[in-house]
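Data file: entry31.csv. Format and content: CSV, C-alpha atoms and all ligand atoms.
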chain,number,residue,atom,x,y,z
A,141,MET,CA,-62.2,25.7,51.0
A,142,SER,CA,-59.1,26.7,52.9
A,143,TYR,CA,-55.7,27.3,51.5
A,144,ILE,CA,-54.5,23.8,52.3
A,145,ASP,CA,-57.6,22.2,50.8
A,146,ASP,CA,-57.1,24.1,47.6
A,147,ASN,CA,-53.3,23.5,47.4
A,148,ILE,CA,-51.7,20.1,48.0
A,149,ILE,CA,-48.3,21.6,48.1
A,150,VAL,CA,-47.2,25.0,49.5
A,151,GLY,CA,-43.5,25.7,49.4
A,152,GLU,CA,-41.8,28.8,50.8
A,153,ASN,CA,-38.3,30.0,50.1
A,154,ILE,CA,-37.1,26.7,48.9
A,155,LYS,CA,-33.3,26.6,48.5
A,156,ARG,CA,-31.1,23.7,47.6
A,157,ALA,CA,-27.3,24.0,47.8
A,158,PHE,CA,-24.9,21.4,46.4
A,159,PRO,CA,-21.3,21.3,47.7
A,160,ILE,CA,-18.6,21.9,45.2
A,161,ALA,CA,-15.0,20.8,46.1
A,162,GLY,CA,-12.8,23.8,46.9
A,163,ARG,CA,-15.5,26.4,46.2
A,164,GLU,CA,-18.6,27.9,47.7
A,165,ASP,CA,-21.8,25.8,47.5
A,166,PHE,CA,-23.7,26.0,44.3
A,167,TYR,CA,-27.4,27.0,44.8
A,168,ALA,CA,-29.5,25.0,42.3
A,169,LEU,CA,-32.6,26.5,43.9
A,170,LYS,CA,-32.3,30.1,45.1
A,171,GLY,CA,-35.4,30.6,47.2
A,172,MET,CA,-38.6,29.5,45.4
A,173,ASP,CA,-42.2,30.0,46.5
A,174,ILE,CA,-44.5,27.6,44.8
A,175,ILE,CA,-48.0,26.3,45.3
A,176,ILE,CA,-49.4,23.3,43.6
A,177,PRO,CA,-53.2,23.4,43.3
A,178,ARG,CA,-55.1,20.1,44.1
A,179,GLY,CA,-56.8,18.3,41.2
A,180,ARG,CA,-55.0,20.1,38.5
A,181,LEU,CA,-52.1,19.6,36.1
A,182,THR,CA,-49.2,21.8,36.9
A,183,ILE,CA,-46.2,22.1,34.5
A,184,LEU,CA,-42.7,23.3,35.5
A,185,LYS,CA,-40.9,24.6,32.4
A,186,GLY,CA,-37.4,25.8,31.9
A,187,ARG,CA,-34.1,25.2,30.2
A,188,SER,CA,-31.8,22.3,30.9
A,189,GLY,CA,-30.1,23.0,34.2
A,190,SER,CA,-32.6,25.5,35.4
A,191,GLY,CA,-33.6,23.4,38.4
A,192,LYS,CA,-36.7,21.5,37.4
A,193,THR,CA,-35.6,18.1,38.6
A,194,THR,CA,-34.1,19.5,41.8
A,195,LEU,CA,-37.4,21.1,42.6
A,196,MET,CA,-39.5,18.1,41.7
A,197,ASN,CA,-37.3,15.9,43.9
A,198,ILE,CA,-37.9,18.2,46.9
A,199,ILE,CA,-41.6,18.6,46.5
A,200,GLY,CA,-41.8,14.9,45.8
A,201,ALA,CA,-40.1,14.0,49.1
A,202,LEU,CA,-37.2,12.4,47.3
A,203,ASP,CA,-34.8,15.1,48.5
A,204,VAL,CA,-34.8,17.7,51.3
A,205,ALA,CA,-34.4,21.4,50.9
A,206,THR,CA,-31.3,23.1,52.4
A,207,GLU,CA,-33.5,26.0,53.5
A,208,GLY,CA,-37.2,26.8,53.4
A,209,ASN,CA,-40.4,24.8,54.0
A,210,VAL,CA,-42.5,22.5,51.9
A,211,HIS,CA,-45.9,21.5,53.1
A,212,PHE,CA,-47.5,18.5,51.6
A,213,ASP,CA,-51.2,18.2,52.5
A,214,GLY,CA,-50.4,20.1,55.6
A,215,GLU,CA,-47.3,18.1,56.7
A,216,ASN,CA,-43.9,19.8,56.6
A,217,LEU,CA,-41.6,17.7,54.4
A,218,SER,CA,-38.6,19.7,55.4
A,219,THR,CA,-38.7,18.8,59.1
A,220,MET,CA,-40.3,15.4,59.2
A,221,LYS,CA,-38.3,12.1,59.7
A,222,GLU,CA,-37.1,10.2,56.7
A,223,ARG,CA,-39.4,7.4,57.7
A,224,ASP,CA,-42.4,9.7,57.3
A,225,ARG,CA,-41.3,10.8,53.9
A,226,GLU,CA,-40.9,7.2,53.0
A,227,ARG,CA,-44.5,6.6,54.0
A,228,LEU,CA,-45.7,9.5,51.9
A,229,ARG,CA,-43.7,8.3,48.9
A,230,ARG,CA,-45.2,4.9,49.2
A,231,TYR,CA,-48.8,5.5,49.9
A,232,GLU,CA,-49.6,9.0,48.8
A,233,MET,CA,-47.4,9.7,45.8
A,234,GLY,CA,-46.7,8.2,42.4
A,235,TYR,CA,-43.8,8.8,40.1
A,236,VAL,CA,-43.2,8.7,36.3
A,237,PHE,CA,-39.7,9.2,34.9
A,238,GLN,CA,-38.4,9.7,31.5
A,239,SER,CA,-36.5,6.4,31.7
A,240,VAL,CA,-39.7,4.5,32.2
A,241,GLY,CA,-38.3,1.9,34.7
A,242,LEU,CA,-40.6,-1.0,34.1
A,243,ILE,CA,-39.4,-4.5,35.1
A,244,PRO,CA,-38.4,-6.1,31.8
A,245,ILE,CA,-39.4,-9.7,32.7
A,246,MET,CA,-42.9,-8.6,33.8
A,247,SER,CA,-45.9,-8.1,31.6
A,248,ALA,CA,-47.9,-4.8,31.6
A,249,TYR,CA,-50.3,-6.5,34.0
A,250,GLU,CA,-47.6,-7.7,36.4
A,251,ASN,CA,-45.8,-4.3,36.3
A,252,VAL,CA,-48.9,-2.6,37.5
A,253,ASP,CA,-49.6,-5.3,40.1
A,254,PHE,CA,-46.1,-4.8,41.4
A,255,GLY,CA,-46.9,-1.2,42.1
A,256,LEU,CA,-50.0,-2.2,44.0
A,257,ARG,CA,-48.1,-4.7,46.1
A,258,LEU,CA,-45.4,-2.1,47.0
A,259,ALA,CA,-48.2,0.2,48.2
A,260,ASP,CA,-50.1,-2.6,50.1
A,261,TYR,CA,-53.1,-1.9,48.0
A,262,LYS,CA,-56.0,-3.4,50.0
A,263,GLU,CA,-58.8,-3.5,47.3
A,264,ASN,CA,-59.2,-5.9,44.4
A,265,HIS,CA,-55.9,-6.0,42.4
A,266,ASP,CA,-57.2,-7.6,39.2
A,267,GLU,CA,-60.0,-5.1,38.8
A,268,ARG,CA,-57.8,-2.1,39.4
A,269,ILE,CA,-55.0,-3.3,37.1
A,270,ARG,CA,-57.5,-3.8,34.2
A,271,GLN,CA,-59.1,-0.4,35.0
A,272,CYS,CA,-55.8,1.5,35.0
A,273,LEU,CA,-54.5,-0.2,31.8
A,274,ASP,CA,-57.8,0.6,30.2
A,275,MET,CA,-57.6,4.2,31.2
A,276,VAL,CA,-54.2,4.5,29.4
A,277,GLY,CA,-55.6,2.7,26.3
A,278,LEU,CA,-53.7,-0.5,26.8
A,279,GLY,CA,-56.6,-2.8,27.8
A,280,ASP,CA,-55.5,-5.1,24.9
A,281,ARG,CA,-51.8,-5.3,25.9
A,282,LEU,CA,-52.1,-6.8,29.4
A,283,LEU,CA,-49.7,-9.7,28.7
A,284,HIS,CA,-47.1,-7.8,26.7
A,285,VAL,CA,-43.7,-7.5,28.3
A,286,PRO,CA,-42.0,-4.0,27.8
A,287,GLN,CA,-39.8,-5.3,25.0
A,288,GLU,CA,-43.0,-6.1,23.0
A,289,MET,CA,-44.3,-2.5,23.4
A,290,SER,CA,-43.4,0.9,21.8
A,291,GLY,CA,-41.8,3.6,23.9
A,292,GLY,CA,-45.1,5.4,24.2
A,293,GLU,CA,-46.9,2.2,25.3
A,294,GLN,CA,-44.2,1.6,27.9
A,295,GLN,CA,-44.6,5.1,29.2
A,296,ARG,CA,-48.4,4.5,29.5
A,297,VAL,CA,-47.8,1.3,31.5
A,298,ALA,CA,-45.6,3.4,33.8
A,299,ILE,CA,-48.4,5.9,34.2
A,300,ALA,CA,-50.9,3.1,34.9
A,301,ARG,CA,-48.5,1.8,37.5
A,302,ALA,CA,-48.0,5.2,39.1
A,303,ILE,CA,-51.7,5.9,39.5
A,304,ALA,CA,-52.9,2.3,40.4
A,305,HIS,CA,-52.6,2.7,44.2
A,306,LYS,CA,-54.7,5.9,44.0
A,307,PRO,CA,-52.0,8.3,45.1
A,308,LYS,CA,-52.9,11.9,45.9
A,309,ILE,CA,-50.3,13.2,43.4
A,310,ILE,CA,-48.2,12.1,40.5
A,311,TYR,CA,-44.8,13.6,39.9
A,312,ALA,CA,-43.7,13.2,36.2
A,313,ASP,CA,-40.2,14.3,35.3
A,314,GLU,CA,-39.9,14.7,31.5
A,315,PRO,CA,-42.5,12.0,31.0
A,316,THR,CA,-42.6,12.7,27.2
A,317,GLY,CA,-38.8,13.4,26.8
A,318,ALA,CA,-38.1,10.1,25.1
A,319,LEU,CA,-41.2,10.2,22.9
A,320,ASP,CA,-42.0,11.7,19.5
A,321,THR,CA,-44.3,14.6,19.4
A,322,LEU,CA,-47.5,12.7,18.6
A,323,THR,CA,-46.9,10.0,21.2
A,324,GLY,CA,-46.0,12.7,23.7
A,325,LEU,CA,-49.3,14.4,23.0
A,326,SER,CA,-51.2,11.1,23.6
A,327,VAL,CA,-49.5,10.8,27.0
A,328,MET,CA,-50.6,14.4,27.8
A,329,LYS,CA,-54.2,13.5,26.9
A,330,VAL,CA,-53.9,10.6,29.3
A,331,PHE,CA,-52.7,13.0,32.1
A,332,LYS,CA,-55.5,15.4,31.3
A,333,GLU,CA,-58.1,12.6,31.6
A,334,LEU,CA,-56.7,11.4,34.9
A,335,VAL,CA,-57.0,15.0,36.2
A,336,GLU,CA,-60.5,15.4,34.9
A,337,LEU,CA,-61.9,11.8,35.6
A,338,GLU,CA,-60.0,10.7,38.7
A,339,GLY,CA,-59.4,14.1,40.3
A,340,ILE,CA,-55.7,13.4,40.6
A,341,THR,CA,-53.1,16.1,41.0
A,342,ILE,CA,-50.2,16.0,38.5
A,343,VAL,CA,-46.9,17.9,38.5
A,344,MET,CA,-44.7,17.5,35.5
A,345,THR,CA,-41.6,19.0,34.0
A,346,THR,CA,-41.0,19.6,30.3
A,347,HIS,CA,-39.2,21.9,28.0
A,348,ASP,CA,-41.4,21.1,25.0
A,349,PRO,CA,-43.3,24.3,24.1
A,350,ASN,CA,-46.1,22.3,22.4
A,351,LEU,CA,-47.2,20.9,25.7
A,352,MET,CA,-47.7,24.1,27.7
A,353,GLU,CA,-51.4,24.4,26.7
A,354,PHE,CA,-52.1,21.2,28.7
A,355,GLY,CA,-51.1,22.8,32.0
A,356,ASP,CA,-53.7,24.4,34.2
A,357,VAL,CA,-50.8,26.2,35.8
A,358,VAL,CA,-47.4,26.7,34.2
A,359,TYR,CA,-44.4,27.8,36.3
A,360,GLU,CA,-41.4,29.1,34.4
A,361,ILE,CA,-38.0,28.4,36.0
A,362,GLU,CA,-34.7,30.1,35.2
A,363,ASP,CA,-31.4,29.7,37.0
A,364,GLY,CA,-32.9,28.3,40.2
A,365,GLU,CA,-35.7,30.9,40.4
A,366,ILE,CA,-39.3,31.1,39.5
A,367,ILE,CA,-39.7,33.9,37.0
A,368,GLY,CA,-43.3,33.4,35.9
A,369,ARG,CA,-46.6,31.7,36.6
A,370,GLU,CA,-49.4,31.4,34.2
A,371,GLU,CA,-52.9,30.1,34.8
A,372,HIS,CA,-55.0,28.6,32.0
A,373,THR,CA,-58.7,28.4,32.5
A,374,ASN,CA,-60.4,26.2,29.9
B,401,LIG,N1,-26.3,16.4,42.9
B,401,LIG,C1,-25.8,17.5,42.4
B,401,LIG,N2,-24.6,18.0,42.7
B,401,LIG,C2,-24.2,19.2,42.2
B,401,LIG,N3,-25.0,19.9,41.3
B,401,LIG,C3,-26.2,19.4,40.9
B,401,LIG,C4,-26.7,18.2,41.4
B,401,LIG,N4,-27.9,18.0,40.9
B,401,LIG,C5,-28.1,19.0,40.1
B,401,LIG,N5,-27.1,19.9,40.1
B,401,LIG,C6,-27.0,21.2,39.3
B,401,LIG,O1,-28.2,21.9,39.6
B,401,LIG,C7,-28.7,22.6,38.5
B,401,LIG,C8,-30.1,22.2,38.2
B,401,LIG,O2,-30.2,20.8,37.8
B,401,LIG,P1,-31.5,20.1,37.5
B,401,LIG,O3,-31.2,18.7,37.3
B,401,LIG,O4,-32.5,20.4,38.5
B,401,LIG,O5,-31.9,20.8,36.1
B,401,LIG,P2,-33.2,20.5,35.1
B,401,LIG,O6,-33.9,21.8,35.0
B,401,LIG,O7,-33.9,19.3,35.6
B,401,LIG,O8,-32.4,20.2,33.7
B,401,LIG,P3,-32.8,19.2,32.6
B,401,LIG,O9,-33.9,19.9,31.7
B,401,LIG,O10,-31.6,19.0,31.8
B,401,LIG,O11,-33.3,17.9,33.2
B,401,LIG,C9,-27.7,22.2,37.3
B,401,LIG,O12,-26.8,23.3,37.2
B,401,LIG,C10,-27.0,21.0,37.9
B,401,LIG,O13,-25.7,20.8,37.3
B,402,MG,MG,-34.3,17.5,34.8

Do you think you could lay out the structure here as structure tokens?
Amino acid sequence: MSYIDDNIIVGENIKRAFPIAGREDFYALKGMDIIIPRGRLTILKGRSGSGKTTLMNIIGALDVATEGNVHFDGENLSTMKERDRERLRRYEMGYVFQSVGLIPIMSAYENVDFGLRLADYKENHDERIRQCLDMVGLGDRLLHVPQEMSGGEQQRVAIARAIAHKPKIIYADEPTGALDTLTGLSVMKVFKELVELEGITIVMTTHDPNLMEFGDVVYEIEDGEIIGREEHTN
């Protein structure tokens, strides 16, 4: 296996500056080198304001670095056209956010189907929707609308929607942030199974110390810099 086969993301010297009126730019990211191994769960940890979301947005093709390069599957996100980033977001990537983002008038089933339609999923939708909702333990909640589900259940629908079109990678920014500890743990178990059973790559952020053990790789971020990298072999 080559470097690119092993690592779906290779980022070098990633900087992100935000303009501040009347002052020098503020560097939220100060030159990060990061690699995200394929088929593993990577956790970005760090205090509020350390730069986790800023980094996720850049490696997730939602934002562009001010300086530095980010290679996704061998393609340079920093220099490609916005249209190409859009293609990657739509077909190759999946997103889960803290504020779930399900469509309130749609059932769990329809929410997942919506994700498949957006990604022009070519295979059988019904089969894949049921399979994904089963994987997150909601096979018996297909027709529930978000309002009829708990926060954890809604988050699991959001995960089913994010994985349904078989993206290469899932980006999850504080996916357990709005959940109690136990429910958060069950979401982490779902992630772990997806990595193990579907071979998917997951990158997530959290500041919950109880969740670190789930990470195959854990990066520690402080004030816009990576200050540590731990690998867990289990
Ligand atoms: N659009 C923006 N304009 C100016 N400053 C920003 C912008 N987005 C983020 N920042 C600043 O960059 C720093 C990093 O923010 P970021 O959202 O990445 O932190 P975080 O680690 O995700 O924090 P949290 O755990 O609270 O979500 C913060 O100081 C923030 O105020
Ligand atoms: Mg954040």

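Using only C-alpha atoms and all ligand atoms as the basis for the distance check, residues found within 9 Å of ligand MG 402 (chain B) are Arg187, Ser188, Gly189, Ser190, Gly191, Lys192, Thr193, Thr194, Met196, Asp313, Glu314, Thr345 and Thr346 of chain A.
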
For a quick check of understanding, using all atoms listed in the file, which of A:Ala300, A:Leu184, A:Leu256, A:Ile149 has the smallest distance to ligand LIG 401 (chain B)? A:Leu184

Would you mind listing what lies within 12 Å of Glu288 (chain A) as number ranges by chain, with all atoms listed in the file counted and same-chain residues fewer than 4 positions away left out? A: 244-248, 281-284, 292-294

Residues near Thr316 (chain A), anyone? I mean within 10 Å using only C-alpha atoms, not counting same-chain ones fewer than 2 positions away, as a PyMOL selection string. chain A and resi 236-239+291-292+295+312-314+318-328+344-348+351

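Residue nearest Leu169 (chain A), chosen from A:Glu370, A:Tyr261, A:Leu334, A:Glu365 and counting all atoms listed in the file: A:Glu365.
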
Contacts of Asp173 (chain A) at 8 Å (only C-alpha atoms; same-chain gap of 2+ positions) as JSON, numbers by chain: {"A": [150, 151, 152, 153, 154, 171, 175, 366]}

List as a VMD selection string the protein and nucleic acid residues near Ile269 (chain A), meaning an atom at most 7 Å away when only C-alpha atoms are counted, but skip any in the same chain fewer than 2 places from it. chain A and resid 249 252 to 253 265 to 267 271 to 273 304

Which neighbours of Ala205 (chain A) fall inside 9 Å, counting only C-alpha atoms, when residues of the same chain fewer than 6 positions from it are skipped, and could you give them as a ChimeraX atom specification? /A:154-157,169,195,198-199,217-218

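The closest residue to ligand LIG 401 (chain B), picked from A:Lys329, A:Lys306, A:Arg227, A:Arg163 and counting only C-alpha atoms and all ligand atoms, is A:Arg163.
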
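Of the residues under consideration (A:Arg180, A:Lys221, A:Lys170, A:Lys332), A:Lys170 shows the shortest atom-to-atom contact distance to ligand LIG 401 (chain B) when counting only C-alpha atoms and all ligand atoms.
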
Which is closer to ligand LIG 401 (chain B) than all the others in A:Lys185, A:Arg270, A:Arg301, A:His211, using all atoms listed in the file? A:Lys185

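Distances from A:Ile361, A:Val335, A:Val204, A:Met289 to ligand LIG 401 (chain B) were compared using all atoms listed in the file, and the smallest one belongs to A:Ile361.
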
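What separates CA of Val343 (chain A) from CA of Ile176 (chain A) is a distance of 7.8 Å.
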
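CA of Pro177 (chain A) sits 7.7 Å away from CA of Thr341 (chain A).
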
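A straight line drawn from atom N4 of ligand LIG 401 (chain B) to CA of Glu215 (chain A) is 25.0 Å long.
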